[in-house]
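What's in input-v2.cif: mmCIF, C-alpha atoms
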data_start
#
loop_
_atom_site.label_atom_id
_atom_site.label_comp_id
_atom_site.auth_asym_id
_atom_site.auth_seq_id
_atom_site.Cartn_x
_atom_site.Cartn_y
_atom_site.Cartn_z
CA MET A 1 32.68 16.76 -2.65
CA THR A 2 32.60 12.97 -2.93
CA THR A 3 34.46 11.84 -6.02
CA LEU A 4 34.30 8.66 -8.03
CA ALA A 5 36.96 6.20 -6.97
CA THR A 6 39.74 5.23 -9.33
CA PRO A 7 38.18 2.62 -11.60
CA PRO A 8 39.17 -0.98 -10.90
CA ALA A 9 40.70 -3.16 -13.53
CA PRO A 10 38.33 -3.63 -16.48
CA ILE A 11 35.80 -6.42 -16.20
CA ALA A 12 37.30 -9.55 -17.66
CA GLY A 13 36.19 -9.97 -21.25
CA ALA A 14 34.70 -6.48 -21.51
CA ALA A 15 36.11 -3.47 -23.30
CA ALA A 16 37.24 -0.61 -21.09
CA PRO A 17 34.57 2.10 -20.82
CA ASP A 18 35.22 5.24 -22.82
CA PRO A 19 35.39 8.69 -21.15
CA LEU A 20 31.87 9.63 -22.31
CA TYR A 21 30.38 6.57 -20.62
CA ARG A 22 32.34 7.39 -17.46
CA ALA A 23 31.06 10.94 -17.46
CA LEU A 24 27.45 9.82 -17.98
CA PHE A 25 27.75 7.13 -15.31
CA ASP A 26 29.12 9.53 -12.72
CA ALA A 27 26.68 12.34 -13.59
CA HIS A 28 23.57 10.12 -13.48
CA PRO A 29 21.14 11.70 -10.97
CA ASP A 30 20.02 8.33 -9.59
CA PRO A 31 22.30 6.16 -7.43
CA THR A 32 24.02 3.92 -10.00
CA PHE A 33 26.41 1.01 -9.46
CA THR A 34 27.99 -2.09 -10.99
CA LEU A 35 28.12 -5.47 -9.22
CA ASP A 36 30.08 -8.60 -9.86
CA ARG A 37 28.20 -11.88 -10.06
CA ASP A 38 28.58 -12.31 -6.29
CA GLY A 39 26.85 -9.03 -5.51
CA ARG A 40 29.97 -7.02 -4.65
CA LEU A 41 30.30 -3.41 -5.74
CA LEU A 42 32.75 -2.82 -8.60
CA GLU A 43 32.03 0.86 -9.02
CA VAL A 44 29.51 3.49 -7.91
CA ASN A 45 28.64 7.01 -8.99
CA ARG A 46 28.51 10.11 -6.84
CA ALA A 47 24.73 9.83 -6.35
CA PHE A 48 25.09 6.32 -4.92
CA ALA A 49 27.86 7.37 -2.53
CA ALA A 50 25.74 10.27 -1.30
CA PHE A 51 22.68 8.01 -1.00
CA VAL A 52 24.40 5.60 1.40
CA GLY A 53 26.44 8.34 3.07
CA GLU A 54 29.94 6.97 2.43
CA GLU A 55 32.94 7.78 0.25
CA ALA A 56 32.97 6.02 -3.09
CA ASP A 57 36.49 4.61 -2.50
CA ALA A 58 35.29 2.90 0.68
CA LEU A 59 32.44 1.16 -1.15
CA GLN A 60 34.35 -0.71 -3.83
CA GLY A 61 34.61 -4.41 -3.23
CA ARG A 62 31.98 -4.45 -0.47
CA PRO A 63 28.78 -6.51 -0.74
CA LEU A 64 25.78 -4.39 -1.63
CA GLY A 65 23.86 -6.33 1.01
CA GLU A 66 25.83 -4.53 3.73
CA MET A 67 24.00 -1.31 2.84
CA LEU A 68 20.54 -2.86 3.02
CA ASP A 69 18.28 -2.82 6.06
CA GLY A 70 17.05 -6.20 7.27
CA ASP A 71 17.42 -9.85 6.37
CA ASP A 72 14.43 -9.76 4.03
CA ALA A 73 16.03 -6.99 1.96
CA ARG A 74 19.29 -8.93 1.69
CA ALA A 75 17.47 -12.11 0.71
CA ALA A 76 15.63 -10.21 -2.05
CA LEU A 77 18.97 -8.88 -3.30
CA ARG A 78 20.51 -12.37 -3.45
CA GLN A 79 17.56 -13.63 -5.44
CA ALA A 80 17.76 -10.66 -7.83
CA VAL A 81 21.51 -11.19 -8.37
CA VAL A 82 20.93 -14.84 -9.26
CA ARG A 83 18.19 -13.89 -11.72
CA ALA A 84 20.25 -11.11 -13.32
CA ALA A 85 23.27 -13.43 -13.66
CA ARG A 86 20.98 -15.69 -15.71
CA GLY A 87 20.03 -12.82 -18.03
CA ALA A 88 16.90 -11.46 -16.36
CA THR A 89 16.29 -7.81 -15.42
CA PRO A 90 14.72 -7.94 -11.94
CA SER A 91 13.27 -4.91 -10.13
CA TRP A 92 12.19 -4.62 -6.50
CA GLN A 93 11.96 -2.23 -3.56
CA ALA A 94 14.69 -2.22 -0.93
CA GLU A 95 15.48 -0.21 2.17
CA PHE A 96 19.01 1.18 2.46
CA ARG A 97 20.50 1.93 5.86
CA GLY A 98 22.64 5.04 6.24
CA PRO A 99 25.53 5.49 8.69
CA ASP A 100 23.29 7.61 10.96
CA ASP A 101 20.75 4.72 11.13
CA SER A 102 18.40 6.53 8.76
CA VAL A 103 16.51 4.32 6.32
CA ALA A 104 15.80 5.27 2.71
CA LEU A 105 13.53 3.41 0.32
CA ALA A 106 14.69 2.76 -3.24
CA PHE A 107 13.29 1.08 -6.32
CA VAL A 108 16.22 -1.05 -7.51
CA SER A 109 16.72 -2.45 -11.02
CA LEU A 110 19.47 -4.83 -12.18
CA ALA A 111 20.50 -5.59 -15.74
CA PRO A 112 23.19 -8.02 -16.91
CA VAL A 113 26.33 -6.73 -18.63
CA VAL A 114 26.79 -9.18 -21.50
CA ALA A 115 29.81 -9.72 -23.77
CA ASP A 116 30.14 -12.58 -26.27
CA GLY A 117 26.98 -14.15 -24.86
CA ALA A 118 28.30 -14.27 -21.26
CA VAL A 119 27.12 -12.22 -18.26
CA LEU A 120 30.23 -10.46 -16.97
CA ALA A 121 28.72 -8.11 -14.38
CA LEU A 122 25.45 -6.53 -13.26
CA HIS A 123 24.54 -2.90 -13.78
CA GLY A 124 22.13 -1.41 -11.23
CA VAL A 125 20.13 1.74 -10.57
CA ALA A 126 18.53 2.55 -7.20
CA ARG A 127 15.89 5.24 -7.58
CA ASP A 128 15.22 6.99 -4.26
CA VAL A 129 11.48 6.83 -3.58
CA THR A 130 11.58 7.74 0.11
CA VAL A 131 9.57 10.89 -0.52
CA TYR A 132 6.75 8.82 -1.99
CA ARG A 133 6.63 6.66 1.12
CA VAL A 134 6.40 9.82 3.24
CA MET A 135 3.57 11.05 1.03
CA GLU A 136 1.86 7.68 1.35
CA GLU A 137 2.14 7.81 5.14
CA GLN A 138 0.73 11.34 5.17
CA LEU A 139 -2.14 10.27 2.94
CA HIS A 140 -2.74 7.26 5.18
CA ALA A 141 -2.91 9.58 8.19
CA ARG A 142 -5.44 11.81 6.47
CA VAL A 143 -7.63 8.89 5.42
CA PHE A 144 -7.44 6.68 8.52
CA VAL A 145 -6.47 8.87 11.51
CA ASP A 146 -8.55 11.41 13.40
CA PRO A 147 -6.45 14.61 13.34
CA LEU A 148 -7.69 15.91 16.70
CA THR A 149 -7.02 12.88 18.91
CA GLY A 150 -4.65 10.79 16.82
CA LEU A 151 -7.05 7.84 17.16
CA PRO A 152 -8.14 5.69 14.23
CA ASN A 153 -11.18 7.17 12.52
CA ARG A 154 -14.43 5.51 11.46
CA THR A 155 -12.96 4.15 8.20
CA ARG A 156 -10.04 2.46 9.96
CA PHE A 157 -12.30 1.20 12.75
CA HIS A 158 -14.66 -0.37 10.21
CA GLU A 159 -11.73 -2.16 8.55
CA ARG A 160 -10.44 -3.46 11.87
CA ILE A 161 -13.87 -4.85 12.76
CA GLU A 162 -13.98 -6.72 9.44
CA ARG A 163 -10.50 -8.12 10.10
CA ALA A 164 -11.51 -9.26 13.59
CA LEU A 165 -14.65 -10.95 12.24
CA ARG A 166 -12.60 -12.74 9.58
CA GLY A 167 -10.43 -14.13 12.37
CA GLY A 168 -12.84 -17.03 12.74
CA ALA A 169 -14.14 -16.38 16.26
CA PRO A 170 -16.90 -13.74 16.03
CA ALA A 171 -18.28 -14.78 19.43
CA ARG A 172 -15.15 -13.25 20.95
CA VAL A 173 -15.71 -9.86 19.26
CA ALA A 174 -17.72 -6.92 20.60
CA VAL A 175 -18.03 -3.22 19.84
CA LEU A 176 -18.64 -0.46 22.36
CA THR A 177 -19.99 2.91 21.27
CA VAL A 178 -19.11 5.63 23.79
CA ASP A 179 -21.13 8.84 23.38
CA LEU A 180 -20.43 11.75 25.73
CA ASP A 181 -23.46 13.17 27.50
CA ASP A 182 -24.33 16.86 27.00
CA PHE A 183 -21.00 17.63 25.33
CA ARG A 184 -22.58 20.56 23.50
CA LEU A 185 -22.77 22.43 26.82
CA VAL A 186 -18.96 22.49 26.93
CA ASN A 187 -18.66 23.88 23.42
CA ASP A 188 -21.38 26.46 24.07
CA GLY A 189 -20.13 27.46 27.51
CA LEU A 190 -16.34 27.34 27.14
CA GLY A 191 -15.77 27.42 23.38
CA ARG A 192 -14.64 24.91 20.80
CA ALA A 193 -11.00 25.02 21.86
CA ALA A 194 -12.02 23.83 25.31
CA GLY A 195 -14.25 21.19 23.75
CA ASP A 196 -11.33 19.94 21.65
CA ALA A 197 -9.11 19.76 24.74
CA LEU A 198 -11.79 17.75 26.50
CA LEU A 199 -12.05 15.32 23.59
CA ARG A 200 -8.28 14.79 23.58
CA GLU A 201 -8.32 14.04 27.31
CA VAL A 202 -11.24 11.62 26.89
CA ALA A 203 -9.31 9.86 24.11
CA ASP A 204 -6.30 9.43 26.41
CA ARG A 205 -8.47 8.09 29.23
CA LEU A 206 -10.15 5.60 26.93
CA ARG A 207 -6.73 4.34 25.79
CA ARG A 208 -5.68 3.80 29.39
CA ALA A 209 -8.97 2.21 30.43
CA THR A 210 -9.09 -0.43 27.70
CA ARG A 211 -7.05 -3.59 27.38
CA GLY A 212 -3.77 -3.71 25.51
CA GLY A 213 -5.21 -5.39 22.41
CA ASP A 214 -8.36 -3.26 22.21
CA LEU A 215 -8.73 -0.59 19.54
CA VAL A 216 -10.07 2.83 20.51
CA ALA A 217 -11.37 5.07 17.71
CA ARG A 218 -13.09 8.40 17.33
CA LEU A 219 -16.09 8.05 15.05
CA GLY A 220 -16.83 11.77 14.91
CA GLY A 221 -17.99 14.62 17.12
CA ASP A 222 -18.18 13.39 20.71
CA GLU A 223 -18.62 9.75 19.72
CA PHE A 224 -15.90 7.19 20.37
CA ALA A 225 -15.83 3.42 19.89
CA VAL A 226 -13.87 0.47 21.21
CA LEU A 227 -13.27 -2.81 19.42
CA LEU A 228 -12.92 -5.73 21.82
CA ASP A 229 -11.31 -8.79 20.26
CA GLY A 230 -10.43 -12.02 22.02
CA LEU A 231 -13.12 -11.86 24.73
CA ALA A 232 -13.07 -14.93 26.94
CA ALA A 233 -16.76 -14.42 27.74
CA PRO A 234 -19.44 -11.84 26.82
CA ALA A 235 -19.39 -10.55 30.40
CA ASP A 236 -15.83 -9.33 29.86
CA ALA A 237 -17.21 -6.49 27.75
CA THR A 238 -19.11 -5.23 30.80
CA ILE A 239 -15.86 -5.22 32.77
CA VAL A 240 -14.30 -2.92 30.15
CA VAL A 241 -17.38 -0.68 30.33
CA GLY A 242 -16.89 -0.38 34.07
CA ARG A 243 -13.27 0.63 33.57
CA ILE A 244 -14.36 3.29 31.07
CA PHE A 245 -16.90 4.76 33.51
CA ALA A 246 -14.24 4.80 36.24
CA ALA A 247 -11.76 6.54 33.91
CA LEU A 248 -14.28 9.26 33.06
CA ASP A 249 -15.32 9.82 36.67
CA ALA A 250 -12.60 12.32 37.57
CA PRO A 251 -13.19 15.90 36.38
CA VAL A 252 -11.31 17.21 33.37
CA HIS A 253 -9.54 20.54 33.93
CA VAL A 254 -10.05 22.78 30.91
CA ASP A 255 -9.19 26.50 30.83
CA GLY A 256 -9.32 26.71 34.60
CA HIS A 257 -12.64 24.87 34.82
CA ALA A 258 -13.21 21.44 36.32
CA VAL A 259 -15.57 19.79 33.85
CA ARG A 260 -17.46 16.68 34.83
CA VAL A 261 -18.02 14.34 31.91
CA SER A 262 -20.21 11.27 31.65
CA ALA A 263 -20.96 8.94 28.78
CA SER A 264 -23.59 6.58 27.54
CA VAL A 265 -22.27 3.27 26.22
CA GLY A 266 -23.82 0.84 23.79
CA VAL A 267 -22.54 -2.74 23.66
CA ALA A 268 -22.99 -5.03 20.66
CA HIS A 269 -21.71 -8.61 20.57
CA ALA A 270 -20.93 -10.18 17.22
CA GLU A 271 -22.88 -13.17 15.97
CA ALA A 272 -21.83 -15.85 13.48
CA ASP A 273 -22.96 -13.89 10.41
CA ALA A 274 -22.05 -10.43 11.75
CA THR A 275 -20.70 -7.66 9.55
CA ALA A 276 -18.86 -4.52 10.60
CA SER A 277 -21.74 -2.29 9.48
CA ALA A 278 -24.31 -4.32 11.40
CA LEU A 279 -22.18 -4.43 14.53
CA LEU A 280 -21.70 -0.66 14.51
CA ARG A 281 -25.40 -0.12 13.86
CA HIS A 282 -26.33 -2.38 16.78
CA ALA A 283 -23.93 -0.55 19.10
CA ASP A 284 -25.43 2.78 17.99
CA LEU A 285 -28.94 1.54 18.74
CA ALA A 286 -27.81 0.40 22.16
CA VAL A 287 -26.20 3.75 23.01
CA TYR A 288 -29.31 5.56 21.79
CA THR A 289 -31.37 3.41 24.14
CA ALA A 290 -28.97 4.21 26.99
CA LYS A 291 -29.42 7.95 26.39
CA ALA A 292 -33.19 7.57 26.18
CA HIS A 293 -33.19 5.93 29.62
CA GLY A 294 -31.31 8.64 31.45
CA LYS A 295 -27.71 8.70 30.11
CA ALA A 296 -24.55 7.81 32.08
CA ARG A 297 -25.27 4.11 31.72
CA HIS A 298 -24.64 1.23 29.37
CA VAL A 299 -27.08 -0.91 27.41
CA VAL A 300 -26.41 -4.18 25.61
CA TYR A 301 -27.99 -4.48 22.18
CA ASP A 302 -31.12 -6.60 21.89
CA PRO A 303 -32.81 -7.42 18.55
CA ALA A 304 -36.03 -5.83 19.82
CA MET A 305 -34.27 -2.46 19.57
CA GLN A 306 -34.22 -2.81 15.78
CA SER A 307 -38.00 -2.96 15.47
CA ALA A 308 -38.34 -0.15 18.02
CA ALA A 309 -35.99 2.01 15.95
CA ARG A 310 -37.98 1.34 12.78
CA ASP A 311 -41.19 2.19 14.62
CA ARG A 312 -39.68 5.44 15.87
CA LEU A 313 -38.52 6.35 12.37
CA GLU A 314 -42.02 5.81 10.99
CA LEU A 315 -43.52 7.90 13.79
CA ALA A 316 -41.00 10.69 13.13
CA ASN A 317 -41.90 10.77 9.45
CA ASP A 318 -45.60 10.85 10.30
CA LEU A 319 -45.04 13.73 12.74
CA ARG A 320 -43.23 15.74 10.09
CA ALA A 321 -46.14 15.18 7.71
CA ALA A 322 -48.69 16.10 10.40
CA LEU A 323 -46.95 19.40 11.10
CA ALA A 324 -46.78 20.19 7.38
CA ALA A 325 -50.53 19.47 7.05
CA GLU A 326 -51.26 21.24 10.36
CA THR A 327 -53.19 18.26 11.69
CA VAL A 328 -51.66 18.58 15.17
CA ASP A 329 -54.42 20.10 17.31
CA ALA A 330 -54.39 22.37 20.34
CA ALA A 331 -56.19 21.69 23.60
CA TYR A 332 -56.74 24.65 25.89
CA GLN A 333 -56.04 24.45 29.60
CA PRO A 334 -57.72 27.21 31.62
CA ILE A 335 -55.68 29.15 34.20
CA VAL A 336 -57.89 30.25 37.09
CA ASP A 337 -57.43 33.14 39.53
CA LEU A 338 -57.81 31.43 42.89
CA ALA A 339 -59.05 34.57 44.62
CA SER A 340 -61.90 35.33 42.23
CA GLY A 341 -62.40 31.95 40.62
CA ALA A 342 -62.30 33.58 37.18
CA VAL A 343 -60.51 32.11 34.18
CA VAL A 344 -57.85 34.67 33.33
CA LYS A 345 -55.75 32.81 30.78
CA VAL A 346 -55.68 29.60 28.80
CA GLU A 347 -52.66 27.49 27.89
CA ALA A 348 -52.47 25.93 24.43
CA LEU A 349 -51.32 22.31 24.61
CA ALA A 350 -50.32 20.27 21.55
CA ARG A 351 -52.36 17.14 20.95
CA TRP A 352 -51.74 14.70 18.11
CA THR A 353 -54.12 12.01 16.98
CA HIS A 354 -52.37 9.66 14.59
CA PRO A 355 -54.63 8.37 11.78
CA ALA A 356 -53.65 4.75 12.47
CA ARG A 357 -52.28 4.72 16.02
CA GLY A 358 -54.77 7.02 17.66
CA ALA A 359 -53.80 9.55 20.32
CA ILE A 360 -50.03 9.90 20.75
CA SER A 361 -48.83 11.04 24.16
CA PRO A 362 -47.08 14.44 24.24
CA ALA A 363 -44.38 12.67 26.28
CA VAL A 364 -43.64 10.74 23.07
CA PHE A 365 -44.03 13.20 20.22
CA ILE A 366 -42.67 16.39 21.85
CA PRO A 367 -39.20 14.88 22.58
CA LEU A 368 -39.33 13.45 19.06
CA ALA A 369 -40.01 16.92 17.65
CA GLU A 370 -37.05 18.30 19.65
CA GLU A 371 -34.76 15.57 18.36
CA MET A 372 -35.83 16.17 14.75
CA GLY A 373 -35.51 19.96 14.98
CA LEU A 374 -39.27 20.39 14.57
CA ILE A 375 -40.03 21.89 17.97
CA GLU A 376 -40.08 25.45 16.61
CA SER A 377 -42.52 24.44 13.89
CA LEU A 378 -44.72 22.80 16.53
CA GLY A 379 -44.56 25.90 18.75
CA ALA A 380 -45.41 28.16 15.82
CA LEU A 381 -48.44 26.03 14.96
CA MET A 382 -49.70 26.18 18.55
CA LEU A 383 -49.21 29.97 18.56
CA ARG A 384 -51.23 30.33 15.35
CA ARG A 385 -54.05 28.22 16.77
CA ALA A 386 -54.08 30.19 20.01
CA CYS A 387 -54.10 33.50 18.16
CA ALA A 388 -56.91 32.31 15.91
CA LEU A 389 -58.95 31.31 18.97
CA ALA A 390 -58.30 34.67 20.65
CA ALA A 391 -59.34 36.57 17.51
CA GLU A 392 -62.48 34.48 17.16
CA ARG A 393 -63.58 35.10 20.74
CA ARG A 394 -62.73 38.79 20.55
CA ALA A 395 -64.87 39.07 17.42
CA ALA A 396 -67.70 37.45 19.34
CA GLY A 397 -67.24 39.95 22.16
CA ARG A 398 -65.90 37.39 24.57
CA HIS A 399 -62.65 37.28 26.42
CA LEU A 400 -60.26 34.38 25.86
CA GLY A 401 -61.05 33.07 29.32
#

Could I get this structure in the form of structure tokens?
Amino acid sequence: MTTLATPPAPIAGAAAPDPLYRALFDAHPDPTFTLDRDGRLLEVNRAFAAFVGEEADALQGRPLGEMLDGDDARAALRQAVVRAARGATPSWQAEFRGPDDSVALAFVSLAPVVADGAVLALHGVARDVTVYRVMEEQLHARVFVDPLTGLPNRTRFHERIERALRGGAPARVAVLTVDLDDFRLVNDGLGRAAGDALLREVADRLRRATRGGDLVARLGGDEFAVLLDGLAAPADATIVVGRIFAALDAPVHVDGHAVRVSASVGVAHAEADATASALLRHADLAVYTAKAHGKARHVVYDPAMQSAARDRLELANDLRAALAAETVDAAYQPIVDLASGAVVKVEALARWTHPARGAISPAVFIPLAEEMGLIESLGALMLRRACALAAERRAAGRHLG
């Protein structure tokens, strides 16, 4: 066990410490020490010797700065010693370096030892707070890092966009939203574990495909994003998009299966008054447009997309209301037996006449119903109308055809 070194000669002008003080000093659970006015160790307790990983005898007379990690830490110590020698009680955080190159964080306090109005020495306590730094790092990881891929998450990505925009050159900033196409098929066909493995591989490929200063993040699900800062020209963003497509071209081997993956990419360039939220929203609109036009392509945001998105939202709300009020009608398409020429069946087709916009094409509102999760409600309404027609004609003694 490390023992307290033989005490040096008493501090000039100060009474020798009594045995009770010595026992309390040595038994103090926090690393405790005494410095002279030049910052050299006069005595240390067992906790301090254990903290720095050396024998107490070997520490006496050595500058405390030798145990600190980095020039900044030593400069802070020198400033604190000067202040304490003038009667102040400074406190600060310092990193201590152990003999095995480990680094521990301590909250250090100094207080002057005064006798007859003169500062004779400095008494210090270094409270080990390394565990709190570890907890802070773990909390940081939970708040800012995606646990599956190790990439920054949406919160961190948003902060980094704001920082880039504050850099004073928004014209050199762009955001790419990378959304995998038909990723759900992997989860449904191979299971979530395979889907997670695919996402990790995509994350690695995006890291390799982007430039050294670019930030790749996972926003959630199968959606990734890239922050481009320092673009020489807007066209440089398209070059990065090309590298991303090339990186995703090779199949990903998951659980013995070669999975082909493609992505739709939305590109949004920052303007003078851009915000992180607006830039992400614009990139999302662009990637939505890319998916609507066939996927596996990239689209650059245009302001016209904003009004189109608002128009689509209004139409979606109106469709939901129309289904609730059952104002979507059915048109009946006869199915004819070619041999006899007789109508043998009819097909019920959904037709929607909007009160303000007039007839809406099924090519517009049926995909919208699928996207909103309303397709089953629409199908059920058509079935009810068809059944009602069949019952009506049967009551009249006529076949459906």

Please determine, counting only C-alpha atoms, which residue among A:Thr327, A:Met372, A:Ala390, A:Arg127 has the shortest atom-to-atom distance to Lys345 in chain A.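 Answer, going by the shortest atom-to-atom distance: A:Ala390.
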
Kindly give the distance, in Å, that separates CA of Val119 in chain A and CA of Arg78 in chain A, rounded to a single decimal.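 Spanning CA of Val119 in chain A to CA of Arg78 in chain A is a straight-line distance of 16.2 Å.
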
Take CA of Asp229 in chain A and CA of Ala174 in chain A and report the distance between them in Å, one decimal.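 About the pair CA of Asp229 in chain A and CA of Ala174 in chain A: they are 6.7 Å apart.
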
Any chance you could resolve the PyMOL selection byres ((chain A and resi 44) around 6) against this file and give the residues as an MDAnalysis selection string? chainID A and resid 32:33 43 45

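If you apply the PyMOL selection byres ((chain A and resi 288-296) around 7) to this structure, you end up with Asp181, Ser262, Ala263, Ser264, Val265, Gly266, Asp284, Leu285, Ala286, Val287, Arg297, His298 and Val299 of chain A.
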